[in-house]
file structure.cif (mmCIF, C-alpha atoms)
data_data
#
loop_
_atom_site.label_atom_id
_atom_site.label_comp_id
_atom_site.auth_asym_id
_atom_site.auth_seq_id
_atom_site.Cartn_x
_atom_site.Cartn_y
_atom_site.Cartn_z
CA MET A 463 -53.40 68.25 -190.69
CA LYS A 464 -50.82 70.77 -189.53
CA ALA A 465 -50.78 72.53 -192.91
CA LEU A 466 -54.57 72.58 -192.97
CA GLY A 467 -54.72 74.06 -189.46
CA LEU A 468 -52.15 76.71 -190.32
CA MET A 469 -54.13 77.56 -193.47
CA VAL A 470 -57.35 78.02 -191.47
CA VAL A 471 -55.52 80.29 -189.00
CA VAL A 472 -53.96 82.38 -191.75
CA VAL A 473 -57.28 82.75 -193.61
CA VAL A 474 -59.13 83.80 -190.45
CA GLY A 475 -56.34 86.20 -189.51
CA ALA A 476 -56.21 87.70 -192.99
CA LEU A 477 -59.98 88.28 -192.99
CA LEU A 478 -59.77 90.01 -189.61
CA LEU A 479 -56.78 92.13 -190.65
CA TYR A 480 -58.69 93.08 -193.81
CA ALA A 481 -61.46 94.42 -191.53
CA VAL A 482 -59.05 96.38 -189.33
CA GLY A 483 -59.21 99.38 -191.68
CA ASP A 484 -62.90 99.83 -190.84
CA PHE A 485 -62.33 99.97 -187.11
CA PRO A 486 -62.11 103.28 -185.23
CA ALA A 487 -58.64 104.53 -184.33
CA TRP A 488 -57.22 104.10 -180.83
CA GLY A 489 -59.08 106.24 -178.30
CA ASP A 490 -61.29 107.92 -180.90
CA PRO A 491 -64.04 109.79 -178.99
CA GLN A 492 -66.23 109.57 -182.11
CA SER A 493 -66.11 105.76 -182.22
CA PRO A 494 -69.53 104.05 -182.39
CA ALA A 495 -69.03 102.42 -178.99
CA SER A 496 -68.37 105.77 -177.32
CA GLN A 497 -71.08 107.63 -179.20
CA HIS A 498 -73.83 105.08 -178.72
CA GLU A 499 -76.83 106.21 -176.73
CA ILE A 500 -76.39 103.34 -174.26
CA SER A 501 -72.90 104.57 -173.32
CA ARG A 502 -74.20 108.12 -172.89
CA HIS A 503 -77.12 106.89 -170.79
CA PHE A 504 -74.91 104.82 -168.48
CA ILE A 505 -72.49 107.69 -167.94
CA THR A 506 -74.99 110.49 -167.38
CA GLN A 507 -77.88 108.65 -165.76
CA SER A 508 -76.24 106.12 -163.42
CA ILE A 509 -75.91 108.70 -160.61
CA PRO A 510 -79.45 110.12 -160.86
CA GLU A 511 -80.99 106.68 -161.35
CA THR A 512 -79.00 104.53 -158.95
CA ALA A 513 -76.89 106.86 -156.74
CA VAL A 514 -73.80 104.77 -157.50
CA PRO A 515 -70.71 106.75 -158.61
CA ASN A 516 -68.94 103.70 -160.04
CA MET A 517 -70.73 103.19 -163.35
CA VAL A 518 -69.10 99.81 -163.87
CA THR A 519 -70.77 98.50 -160.73
CA ALA A 520 -74.06 100.21 -161.62
CA VAL A 521 -74.11 98.54 -165.04
CA LEU A 522 -72.86 95.23 -163.67
CA ALA A 523 -75.24 94.79 -160.77
CA ASP A 524 -78.26 96.85 -161.82
CA TYR A 525 -78.69 97.54 -165.54
CA ARG A 526 -77.21 94.18 -166.50
CA GLY A 527 -78.09 92.40 -163.25
CA TYR A 528 -79.77 89.53 -165.08
CA ASP A 529 -76.58 88.83 -167.04
CA THR A 530 -74.40 88.98 -163.93
CA MET A 531 -76.76 86.65 -162.04
CA PHE A 532 -76.22 83.95 -164.62
CA GLU A 533 -72.47 84.65 -164.79
CA THR A 534 -72.48 83.81 -161.10
CA VAL A 535 -74.44 80.66 -161.87
CA VAL A 536 -71.85 79.78 -164.56
CA ILE A 537 -69.03 80.09 -162.01
CA PHE A 538 -71.01 78.02 -159.50
CA THR A 539 -71.69 75.34 -162.11
CA ALA A 540 -68.02 75.30 -163.20
CA GLY A 541 -66.97 74.79 -159.56
CA LEU A 542 -69.49 71.98 -159.13
CA ALA A 543 -68.24 70.38 -162.36
CA ILE A 544 -64.61 70.44 -161.15
CA ILE A 545 -65.56 69.01 -157.77
CA GLY A 546 -67.74 66.42 -159.50
CA ILE A 547 -65.09 65.35 -162.04
CA LEU A 548 -62.16 65.16 -159.62
CA GLY A 549 -64.03 64.36 -156.40
CA MET A 550 -65.68 61.26 -157.86
CA ALA A 551 -62.32 59.92 -158.99
CA ARG A 552 -61.10 60.16 -155.42
CA LEU A 553 -63.68 57.60 -154.36
CA THR A 554 -63.37 55.17 -157.27
CA ASP A 555 -59.68 54.71 -158.01
CA ARG A 556 -58.00 55.78 -154.82
CA GLU A 557 -55.91 52.60 -154.77
CA SER A 558 -54.53 53.08 -158.26
CA LEU A 559 -53.05 56.46 -157.40
CA LYS A 560 -49.40 56.73 -156.62
CA PRO A 561 -48.92 57.81 -153.00
CA MET A 562 -48.12 61.48 -152.74
CA ALA A 563 -45.28 62.69 -150.54
CA GLU A 564 -46.91 63.57 -147.23
CA THR A 565 -45.83 66.84 -145.69
CA ARG A 566 -45.83 67.50 -141.99
CA PRO A 567 -46.28 71.03 -140.64
CA GLY A 568 -42.68 70.95 -139.38
CA ASP A 569 -41.37 70.54 -142.91
CA ARG A 570 -42.65 73.97 -143.85
CA ASP A 571 -40.51 77.04 -143.70
CA MET A 572 -41.16 79.12 -140.59
CA ILE A 573 -40.49 82.43 -142.38
CA VAL A 574 -43.05 81.62 -145.09
CA ILE A 575 -45.71 80.60 -142.59
CA ASN A 576 -45.21 83.58 -140.30
CA THR A 577 -45.16 86.04 -143.21
CA CYS A 578 -48.42 84.55 -144.44
CA ARG A 579 -49.88 84.86 -140.95
CA GLN A 580 -49.22 88.60 -141.14
CA VAL A 581 -50.23 89.13 -144.77
CA ILE A 582 -53.40 87.05 -145.01
CA PRO A 583 -55.54 89.09 -142.55
CA ILE A 584 -54.59 92.26 -144.40
CA MET A 585 -55.45 90.63 -147.72
CA GLN A 586 -58.82 89.56 -146.39
CA LEU A 587 -59.55 92.98 -144.92
CA PHE A 588 -58.66 94.53 -148.28
CA ALA A 589 -60.94 92.01 -150.01
CA PHE A 590 -63.85 93.07 -147.79
CA TYR A 591 -63.06 96.71 -148.53
CA VAL A 592 -63.05 96.02 -152.28
CA VAL A 593 -66.43 94.29 -152.01
CA ALA A 594 -68.07 96.80 -149.67
CA HIS A 595 -66.69 99.93 -151.33
CA GLY A 596 -67.15 98.57 -154.85
CA HIS A 597 -69.77 101.12 -155.84
CA HIS A 598 -67.70 104.14 -154.83
CA SER A 599 -64.24 103.10 -155.99
CA PRO A 600 -62.86 100.45 -158.34
CA GLY A 601 -63.96 97.10 -157.04
CA GLY A 602 -66.93 94.87 -156.56
CA GLY A 603 -67.94 91.31 -155.89
CA PHE A 604 -65.84 89.62 -158.57
CA GLN A 605 -62.61 91.43 -157.70
CA GLY A 606 -63.07 91.20 -153.93
CA GLY A 607 -64.10 87.56 -154.18
CA VAL A 608 -60.96 86.71 -156.15
CA ILE A 609 -58.76 88.50 -153.58
CA LEU A 610 -60.49 86.64 -150.75
CA GLY A 611 -60.08 83.33 -152.58
CA ALA A 612 -56.41 84.14 -153.22
CA SER A 613 -55.83 84.63 -149.50
CA PHE A 614 -57.14 81.11 -148.81
CA ILE A 615 -55.02 79.77 -151.66
CA LEU A 616 -51.94 81.50 -150.21
CA TRP A 617 -52.56 79.75 -146.91
CA ALA A 618 -52.95 76.43 -148.70
CA ILE A 619 -49.63 77.02 -150.49
CA ALA A 620 -47.78 78.12 -147.36
CA ARG A 621 -49.06 75.21 -145.25
CA ASP A 622 -50.65 72.18 -146.86
CA LEU A 623 -54.12 71.39 -148.12
CA PRO A 624 -55.45 69.53 -145.04
CA THR A 625 -54.49 72.53 -142.85
CA ALA A 626 -56.19 74.98 -145.18
CA LEU A 627 -59.23 72.73 -145.47
CA GLN A 628 -59.67 72.59 -141.70
CA GLY A 629 -61.23 76.04 -141.88
CA ILE A 630 -63.21 75.56 -145.08
CA LYS A 631 -64.18 71.97 -145.60
CA PRO A 632 -65.01 70.82 -149.15
CA ARG A 633 -68.71 70.61 -148.31
CA ARG A 634 -68.59 74.15 -146.97
CA ILE A 635 -67.03 75.36 -150.24
CA VAL A 636 -70.11 74.13 -152.09
CA PHE A 637 -72.38 75.55 -149.40
CA LEU A 638 -70.77 79.03 -149.54
CA ALA A 639 -70.85 79.07 -153.33
CA ALA A 640 -74.53 78.10 -153.33
CA LEU A 641 -75.21 80.70 -150.62
CA GLY A 642 -73.84 83.41 -152.92
CA VAL A 643 -76.13 82.37 -155.76
CA VAL A 644 -79.07 82.20 -153.33
CA ILE A 645 -78.31 85.73 -152.02
CA TYR A 646 -78.22 87.08 -155.57
CA ALA A 647 -81.25 85.23 -156.89
CA GLY A 648 -83.10 85.77 -153.61
CA THR A 649 -82.72 89.54 -153.92
CA GLY A 650 -84.16 89.29 -157.41
CA VAL A 651 -87.06 87.09 -156.34
CA LEU A 652 -87.77 89.35 -153.37
CA SER A 653 -88.23 92.32 -155.68
CA LEU A 654 -90.47 90.09 -157.81
CA ALA A 655 -92.52 89.40 -154.70
CA MET A 656 -92.84 93.15 -154.11
CA ASP A 657 -94.75 93.46 -157.43
CA ALA A 658 -91.73 94.81 -159.30
CA LYS A 659 -89.61 93.28 -162.04
CA LEU A 660 -86.94 90.69 -161.30
CA LEU A 661 -83.82 92.34 -159.79
CA ASP A 662 -85.51 95.77 -159.60
CA TYR A 663 -83.98 96.75 -156.27
CA SER A 664 -85.95 99.99 -155.98
CA ALA A 665 -88.93 97.88 -154.84
CA LEU A 666 -86.95 96.85 -151.75
CA HIS A 667 -86.77 100.34 -150.24
CA GLY A 668 -89.02 99.24 -147.36
CA PHE A 669 -86.38 96.78 -146.04
CA LEU A 670 -83.25 98.80 -146.67
CA PRO A 671 -81.87 101.76 -144.73
CA PRO A 672 -83.13 105.12 -146.02
CA ALA A 673 -80.98 107.67 -147.79
CA PRO A 674 -79.09 110.07 -145.51
CA ALA A 675 -80.75 113.49 -145.07
CA ASP A 676 -83.10 112.99 -148.01
CA ALA A 677 -80.28 113.64 -150.47
CA VAL A 678 -81.81 111.13 -152.87
CA PRO A 679 -85.19 109.37 -152.83
CA ASN A 680 -85.32 106.11 -150.89
CA GLU A 681 -86.18 104.15 -154.04
CA ILE A 682 -82.92 105.25 -155.65
CA MET A 683 -80.88 104.62 -152.51
CA ALA A 684 -82.43 101.13 -152.40
CA ARG A 685 -80.90 100.42 -155.82
CA SER A 686 -77.49 101.32 -154.40
CA HIS A 687 -78.01 99.09 -151.37
CA GLY A 688 -79.45 96.30 -153.50
CA MET A 689 -76.27 96.35 -155.59
CA LEU A 690 -74.19 95.95 -152.43
CA ILE A 691 -76.24 92.89 -151.46
CA VAL A 692 -75.83 91.16 -154.80
CA GLU A 693 -72.11 92.03 -154.88
CA ILE A 694 -71.75 90.29 -151.53
CA GLY A 695 -73.50 87.28 -153.05
CA VAL A 696 -71.10 87.32 -156.01
CA ALA A 697 -68.13 87.57 -153.64
CA PHE A 698 -69.29 84.47 -151.71
CA THR A 699 -69.58 82.40 -154.88
CA VAL A 700 -66.35 83.62 -156.51
CA SER A 701 -64.13 83.25 -153.43
CA ALA A 702 -65.46 79.79 -152.58
CA ILE A 703 -65.17 78.52 -156.16
CA MET A 704 -61.64 79.97 -156.64
CA PHE A 705 -60.47 78.16 -153.52
CA GLY A 706 -62.32 75.01 -154.59
CA ILE A 707 -60.71 75.07 -158.05
CA TYR A 708 -57.25 75.36 -156.48
CA THR A 709 -57.71 72.64 -153.89
CA TYR A 710 -59.16 70.10 -156.32
CA LEU A 711 -56.82 70.82 -159.24
CA SER A 712 -53.59 71.01 -157.24
CA SER A 713 -54.15 67.64 -155.59
CA MET A 714 -55.98 65.85 -158.45
CA GLY A 715 -58.99 65.56 -156.18
CA ARG A 716 -57.15 63.89 -153.31
CA LEU A 717 -57.20 66.99 -151.10
CA LYS A 718 -53.94 65.86 -149.52
CA GLY A 719 -50.38 67.10 -149.55
CA GLY A 720 -49.05 70.57 -150.22
CA LEU A 721 -47.69 72.33 -153.24
CA MET B 1457 -47.14 104.41 -197.63
CA ASP B 1458 -50.16 106.38 -196.50
CA ILE B 1459 -52.25 103.24 -196.53
CA PHE B 1460 -49.61 101.45 -194.47
CA GLN B 1461 -49.64 104.27 -191.96
CA ASP B 1462 -53.43 104.33 -191.85
CA ILE B 1463 -53.99 100.60 -191.49
CA VAL B 1464 -50.95 99.41 -189.55
CA ILE B 1465 -49.51 102.26 -187.50
CA ALA B 1466 -52.75 104.00 -186.54
CA ARG B 1467 -54.47 100.71 -185.72
CA PHE B 1468 -51.56 98.71 -184.31
CA ASN B 1469 -53.70 97.62 -181.36
CA TYR B 1470 -56.02 95.60 -183.64
CA TRP B 1471 -52.99 93.98 -185.25
CA ILE B 1472 -51.80 92.84 -181.84
CA TYR B 1473 -55.20 91.31 -181.02
CA VAL B 1474 -55.46 89.58 -184.38
CA ILE B 1475 -51.94 88.16 -184.07
CA LEU B 1476 -52.59 87.01 -180.49
CA MET B 1477 -55.86 85.45 -181.64
CA MET B 1478 -54.05 83.67 -184.48
CA VAL B 1479 -51.48 82.31 -182.03
CA GLY B 1480 -54.26 81.01 -179.79
CA LEU B 1481 -56.27 79.55 -182.66
CA HIS B 1482 -53.17 77.87 -184.08
CA ALA B 1483 -52.42 76.28 -180.72
CA MET B 1484 -56.00 75.06 -180.38
CA ILE B 1485 -56.11 73.53 -183.87
CA VAL B 1486 -52.58 72.21 -184.47
CA LYS B 1487 -51.09 71.34 -181.08
CA ASN B 1488 -51.24 67.72 -180.04
CA ASN B 1489 -51.14 68.17 -176.29
CA LEU B 1490 -54.41 68.94 -174.50
CA ILE B 1491 -52.74 71.33 -172.03
CA LYS B 1492 -51.20 73.25 -174.95
CA LYS B 1493 -54.68 73.49 -176.46
CA LEU B 1494 -55.94 74.97 -173.19
CA ILE B 1495 -53.05 77.47 -173.19
CA GLY B 1496 -54.08 78.40 -176.73
CA MET B 1497 -57.64 78.91 -175.54
CA SER B 1498 -56.40 81.26 -172.82
CA ILE B 1499 -54.33 83.27 -175.32
CA PHE B 1500 -57.38 83.54 -177.59
CA GLN B 1501 -59.41 84.71 -174.62
CA ALA B 1502 -56.79 87.32 -173.71
CA ALA B 1503 -56.95 88.68 -177.27
CA ILE B 1504 -60.74 89.09 -177.04
CA ILE B 1505 -60.46 90.74 -173.60
CA LEU B 1506 -57.81 93.20 -174.83
CA PHE B 1507 -59.97 93.98 -177.87
CA PHE B 1508 -63.02 94.81 -175.77
CA VAL B 1509 -61.04 96.90 -173.28
CA SER B 1510 -59.48 98.90 -176.14
CA VAL B 1511 -62.96 99.60 -177.53
CA GLY B 1512 -63.69 101.37 -174.24
CA VAL B 1513 -60.69 103.70 -174.54
CA LYS B 1514 -61.66 107.32 -175.16
CA ASP B 1515 -59.25 110.22 -175.55
CA GLY B 1516 -59.68 112.87 -172.88
CA ALA B 1517 -61.81 110.61 -170.71
CA THR B 1518 -61.10 109.26 -167.27
CA ILE B 1519 -62.24 106.07 -165.52
CA PRO B 1520 -66.01 105.56 -165.46
CA ILE B 1521 -66.31 106.54 -161.81
CA VAL B 1522 -67.81 109.88 -160.84
CA SER B 1523 -65.65 111.61 -158.28
CA HIS B 1524 -67.98 113.04 -155.67
CA HIS B 1525 -65.13 114.93 -154.03
CA GLY B 1526 -64.57 116.99 -157.13
CA HIS B 1527 -67.97 118.65 -156.82
CA ALA B 1528 -69.08 121.19 -154.26
CA GLU B 1529 -68.02 120.30 -150.74
CA GLU B 1530 -71.57 120.61 -149.37
CA SER B 1531 -72.96 117.95 -151.65
CA ALA B 1532 -70.19 115.58 -150.63
CA GLU B 1533 -71.12 116.17 -147.03
CA THR B 1534 -74.76 115.34 -147.60
CA TRP B 1535 -73.64 112.08 -149.09
CA HIS B 1536 -71.38 110.90 -146.37
CA SER B 1537 -72.72 112.24 -143.12
CA VAL B 1538 -76.22 112.61 -141.82
CA ASP B 1539 -76.62 116.21 -140.77
CA PRO B 1540 -79.90 116.47 -138.88
CA GLY B 1541 -79.42 120.19 -138.33
CA HIS B 1542 -79.65 121.12 -142.00
CA PRO B 1543 -82.07 118.79 -143.74
CA ASP B 1544 -83.08 121.46 -146.26
CA GLU B 1545 -79.53 122.06 -147.36
CA GLY B 1546 -79.19 118.41 -148.32
CA ALA B 1547 -82.27 118.63 -150.52
CA VAL B 1548 -80.94 121.72 -152.28
CA HIS B 1549 -77.60 120.14 -153.11
CA ASP B 1550 -79.11 117.07 -154.66
CA HIS B 1551 -76.47 115.07 -156.48
CA GLY B 1552 -78.74 114.55 -159.46
CA HIS B 1553 -78.48 118.22 -160.36
CA HIS B 1554 -74.81 117.87 -161.30
CA GLU B 1555 -74.50 117.33 -165.00
CA ILE B 1556 -72.02 114.61 -165.93
CA ASN B 1557 -70.26 115.18 -169.21
CA PRO B 1558 -70.28 111.90 -171.17
CA ASP B 1559 -67.08 112.92 -172.98
CA ARG B 1560 -65.18 113.01 -169.70
CA HIS B 1561 -65.80 109.37 -168.77
CA ALA B 1562 -64.93 106.16 -170.58
CA ASN B 1563 -67.67 103.81 -171.72
CA PRO B 1564 -68.32 101.44 -168.78
CA LEU B 1565 -69.98 98.67 -170.80
CA PRO B 1566 -66.82 96.95 -172.22
CA HIS B 1567 -65.31 96.95 -168.74
CA VAL B 1568 -68.38 95.28 -167.29
CA LEU B 1569 -68.45 92.62 -169.98
CA MET B 1570 -64.75 91.80 -169.58
CA LEU B 1571 -64.88 91.87 -165.78
CA THR B 1572 -67.27 88.95 -165.77
CA ALA B 1573 -65.56 87.31 -168.76
CA ILE B 1574 -62.21 87.15 -166.94
CA VAL B 1575 -63.63 85.39 -163.88
CA VAL B 1576 -65.82 83.08 -165.96
CA GLY B 1577 -62.75 82.38 -168.13
CA VAL B 1578 -60.79 81.27 -165.07
CA ALA B 1579 -63.66 79.02 -163.99
CA THR B 1580 -64.02 77.41 -167.43
CA LEU B 1581 -60.24 76.97 -167.69
CA GLY B 1582 -60.45 75.16 -164.36
CA VAL B 1583 -63.06 72.80 -165.81
CA GLY B 1584 -60.81 72.17 -168.80
CA LEU B 1585 -57.86 71.35 -166.55
CA ALA B 1586 -60.02 69.08 -164.40
CA VAL B 1587 -61.15 67.14 -167.47
CA SER B 1588 -57.49 66.90 -168.61
CA GLN B 1589 -56.46 65.50 -165.21
CA LYS B 1590 -59.25 62.94 -165.42
CA ILE B 1591 -58.17 61.97 -168.97
CA TYR B 1592 -54.55 61.63 -167.85
CA ARG B 1593 -55.57 59.43 -164.98
CA GLU B 1594 -57.68 57.19 -167.21
CA TYR B 1595 -55.33 56.89 -170.20
CA GLY B 1596 -51.91 57.91 -168.90
CA THR B 1597 -51.35 60.47 -171.66
CA LEU B 1598 -52.45 63.92 -172.78
CA GLU B 1599 -51.25 63.59 -176.40
CA GLU B 1600 -54.18 63.59 -178.77
CA ASN B 1601 -52.88 60.98 -181.23
CA GLU B 1602 -51.98 58.54 -178.43
CA LEU B 1603 -55.42 59.08 -176.90
CA LEU B 1604 -57.14 58.35 -180.20
CA GLU B 1605 -55.06 55.17 -180.63
CA LYS B 1606 -55.99 53.97 -177.14
CA LEU B 1607 -59.66 54.76 -177.73
CA ARG B 1608 -59.61 52.78 -181.01
CA SER B 1609 -57.87 49.79 -179.46
CA ASN B 1610 -60.41 49.85 -176.59
CA ASP B 1611 -63.27 49.73 -179.10
CA GLY B 1612 -61.74 46.93 -181.17
#
call {"tool": "encode", "arguments": {"input": "structure.cif", "output": "structure tokens"}}
result
Amino acid sequence: MKALGLMVVVVVGALLLYAVGDFPAWGDPQSPASQHEISRHFITQSIPETAVPNMVTAVLADYRGYDTMFETVVIFTAGLAIIGILGMARLTDRESLKPMAETRPGDRDMIVINTCRQVIPIMQLFAFYVVAHGHHSPGGGFQGGVILGASFILWAIARDLPTALQGIKPRRIVFLAALGVVIYAGTGVLSLAMDAKLLDYSALHGFLPPAPADAVPNEIMARSHGMLIVEIGVAFTVSAIMFGIYTYLSSMGRLKGGL
Amino acid sequence: MDIFQDIVIARFNYWIYVILMMVGLHAMIVKNNLIKKLIGMSIFQAAIILFFVSVGVKDGATIPIVSHHGHAEESAETWHSVDPGHPDEGAVHDHGHHEINPDRHANPLPHVLMLTAIVVGVATLGVGLAVSQKIYREYGTLEENELLEKLRSNDG
């Protein structure tokens, strides 16, 4: 079995290494990926078409908005699966589990807790900046959501899980994650209701604030604002699910004890 | 020697991805422990992510974000502040008139694909770990051969 597995790995690796010679060299500006019309279109047209300087966000939330919507659904589903797999066990075989060492708040180190008290608000503020400024600088819903989720996880590590879960109860994790998907899909359906295509934010220009000083048409500014809305939806789902994954995995679904 | 230089030295990045991928695949196929299989899956995933990011590298290009401070000051002003006194000036300095050179910016598409792939990868890894925890709780082991033995004895 081991020899067979190693043979499969070596054959696959050898085939891939054989193909390496056909690949473009490192950083070659003439490589097919860089020369493709799609790449050129995204780079040159994302500002005139969407008024978003960060092309990654423009492609993520607008040109490939359909893809990103279902990536968000995948994350939501994965979170539900984890809560379902481990949360159900909590109800059925609670007695069979070995008791976990209970931690009291006094057991925790004061320096750790007070440092976290100072750091976590800054982390969360930075997370909001990354989400809200994601179409002008590196950032966006996924990155900001992960930072926000990490700040909750830090609090859960510094204190213990029941303390961290006082703020965000398990049911609220699911609610916030679902809210994110609803914000994203709702924006898409709203543009559908405005007689445009799904996730075509330019149809929403009637609801969104107009462009400053007529620098760009309102329809184009609406695409920029629409991207911000769906990024906020993504951030809700990602941060809630990241915290949910940590709480359920670290305690095997018991939601008790600390790290 | 020239062939060696052409295939190995000039394209060392692909060699790293292929070797990483082989490490991950080997762990997924051969290792007995379910957690080690998951670690192998993560290494495999890292190889794919590195491969896609390296496809987006372009010599002489910067990050795929247009700097709107690098252009004329006036156009930056029309973007950031509403100037009711000079509405015509804003229309003249429309941002769309600035040509963006596609050779100066990296291809954004691989970055977009990997951005979502990383977060989705974390979520799916979480599902894998949750299933492993459940298996451990049910059978008391994460070794594949012991699991198969217990499953067979349960059936019999």
call {"tool": "interface_residues", "arguments": {"input": "structure.cif", "of": "chain A", "to": "chain B", "cutoff": "6 Å", "atoms": "all atoms listed in the file", "output": "ChimeraX atom specification"}}
result
/A:464,467,471,483,487,489-491,496,501-502,505-506,510,515-518,522,537,540,544,674-675,677
call {"tool": "closest_residue", "arguments": {"input": "structure.cif", "among": "A:Phe504, A:Phe590, A:Tyr708, A:Trp488", "to": "Ile635 in chain A", "atoms": "only C-alpha atoms"}}
result
A:Tyr708
call {"tool": "axis_aligned_box", "arguments": {"input": "structure.cif", "around": "range 496-500 of chain A", "padding_each_side": "3 Å", "output": "lines of an AutoDock Vina configuration file"}}
result
center_x = -72.6
center_y = 105.5
center_z = -176.7
size_x = 14.5
size_y = 10.3
size_z = 10.9
call {"tool": "atom_distance", "arguments": {"input": "structure.cif", "atom1": "CA of Ala665 in chain A", "atom2": "CA of Ala684 in chain A"}}
result
7.7 Å
call {"tool": "atom_distance", "arguments": {"input": "structure.cif", "atom1": "CA of Val700 in chain A", "atom2": "CA of Ser613 in chain A"}}
result
12.7 Å
call {"tool": "atom_distance", "arguments": {"input": "structure.cif", "atom1": "CA of Trp617 in chain A", "atom2": "CA of Cys578 in chain A"}}
result
6.8 Å
call {"tool": "residues_around", "arguments": {"input": "structure.cif", "residues": "Leu627 in chain A", "least_positions_apart": "5", "cutoff": "10 Å", "atoms": "only C-alpha atoms", "output": "NGL selection string"}}
result
:A and (614 or 617-618 or 622 or 632 or 634-635 or 705-706 or 709 or 717-718)
call {"tool": "residues_around", "arguments": {"input": "structure.cif", "residues": "Gly695 in chain A", "least_positions_apart": "6", "cutoff": "12 Å", "atoms": "only C-alpha atoms", "output": "PyMOL selection string"}}
result
chain A and resi 523+530-531+534-535+538+593-594+602-604+606-607+638-650+688-689+701-702
call {"tool": "closest_residue", "arguments": {"input": "structure.cif", "among": "B:Ile1495, B:Ile1472, B:Ile1591, B:Leu1607", "to": "Leu548 in chain A", "atoms": "only C-alpha atoms"}}
result
B:Ile1591
call {"tool": "resolve_selection", "arguments": {"input": "structure.cif", "expression": "the PyMOL selection byres ((chain A and resi 661) around 8)", "output": "list in words"}}
result
Asp524, Gly527, Tyr528, Thr649, Gly650, Val651, Ser653, Leu654, Lys659, Leu660, Asp662 and Tyr663 of chain A
call {"tool": "build_atoms", "arguments": {"input": "structure.cif", "residues": "range 637-649 of chain A", "atoms": "N, CA and C atoms", "output": "tab-separated table (two decimals), keeping the file's coordinate frame"}}
result
chain	number	residue	atom	x	y	z
A	637	PHE	N	-71.32	74.82	-150.10
A	637	PHE	CA	-72.38	75.55	-149.40
A	637	PHE	C	-72.22	77.06	-149.59
A	638	LEU	N	-70.98	77.58	-149.41
A	638	LEU	CA	-70.77	79.03	-149.54
A	638	LEU	C	-71.03	79.50	-150.96
A	639	ALA	N	-70.61	78.68	-151.94
A	639	ALA	CA	-70.85	79.07	-153.33
A	639	ALA	C	-72.35	79.11	-153.62
A	640	ALA	N	-73.08	78.11	-153.10
A	640	ALA	CA	-74.53	78.10	-153.33
A	640	ALA	C	-75.18	79.26	-152.59
A	641	LEU	N	-74.66	79.58	-151.39
A	641	LEU	CA	-75.21	80.70	-150.62
A	641	LEU	C	-75.12	81.99	-151.42
A	642	GLY	N	-73.99	82.20	-152.11
A	642	GLY	CA	-73.84	83.41	-152.92
A	642	GLY	C	-74.89	83.50	-154.01
A	643	VAL	N	-75.11	82.37	-154.70
A	643	VAL	CA	-76.13	82.37	-155.76
A	643	VAL	C	-77.50	82.62	-155.16
A	644	VAL	N	-77.76	82.04	-153.98
A	644	VAL	CA	-79.07	82.20	-153.33
A	644	VAL	C	-79.27	83.66	-152.91
A	645	ILE	N	-78.19	84.32	-152.40
A	645	ILE	CA	-78.31	85.73	-152.02
A	645	ILE	C	-78.68	86.56	-153.24
A	646	TYR	N	-77.97	86.29	-154.35
A	646	TYR	CA	-78.22	87.08	-155.57
A	646	TYR	C	-79.63	86.83	-156.09
A	647	ALA	N	-79.94	85.56	-156.31
A	647	ALA	CA	-81.25	85.23	-156.89
A	647	ALA	C	-82.35	85.60	-155.91
A	648	GLY	N	-82.09	85.44	-154.60
A	648	GLY	CA	-83.10	85.77	-153.61
A	648	GLY	C	-83.47	87.23	-153.62
A	649	THR	N	-82.44	88.11	-153.81
A	649	THR	CA	-82.72	89.54	-153.92
A	649	THR	C	-83.62	89.81	-155.11
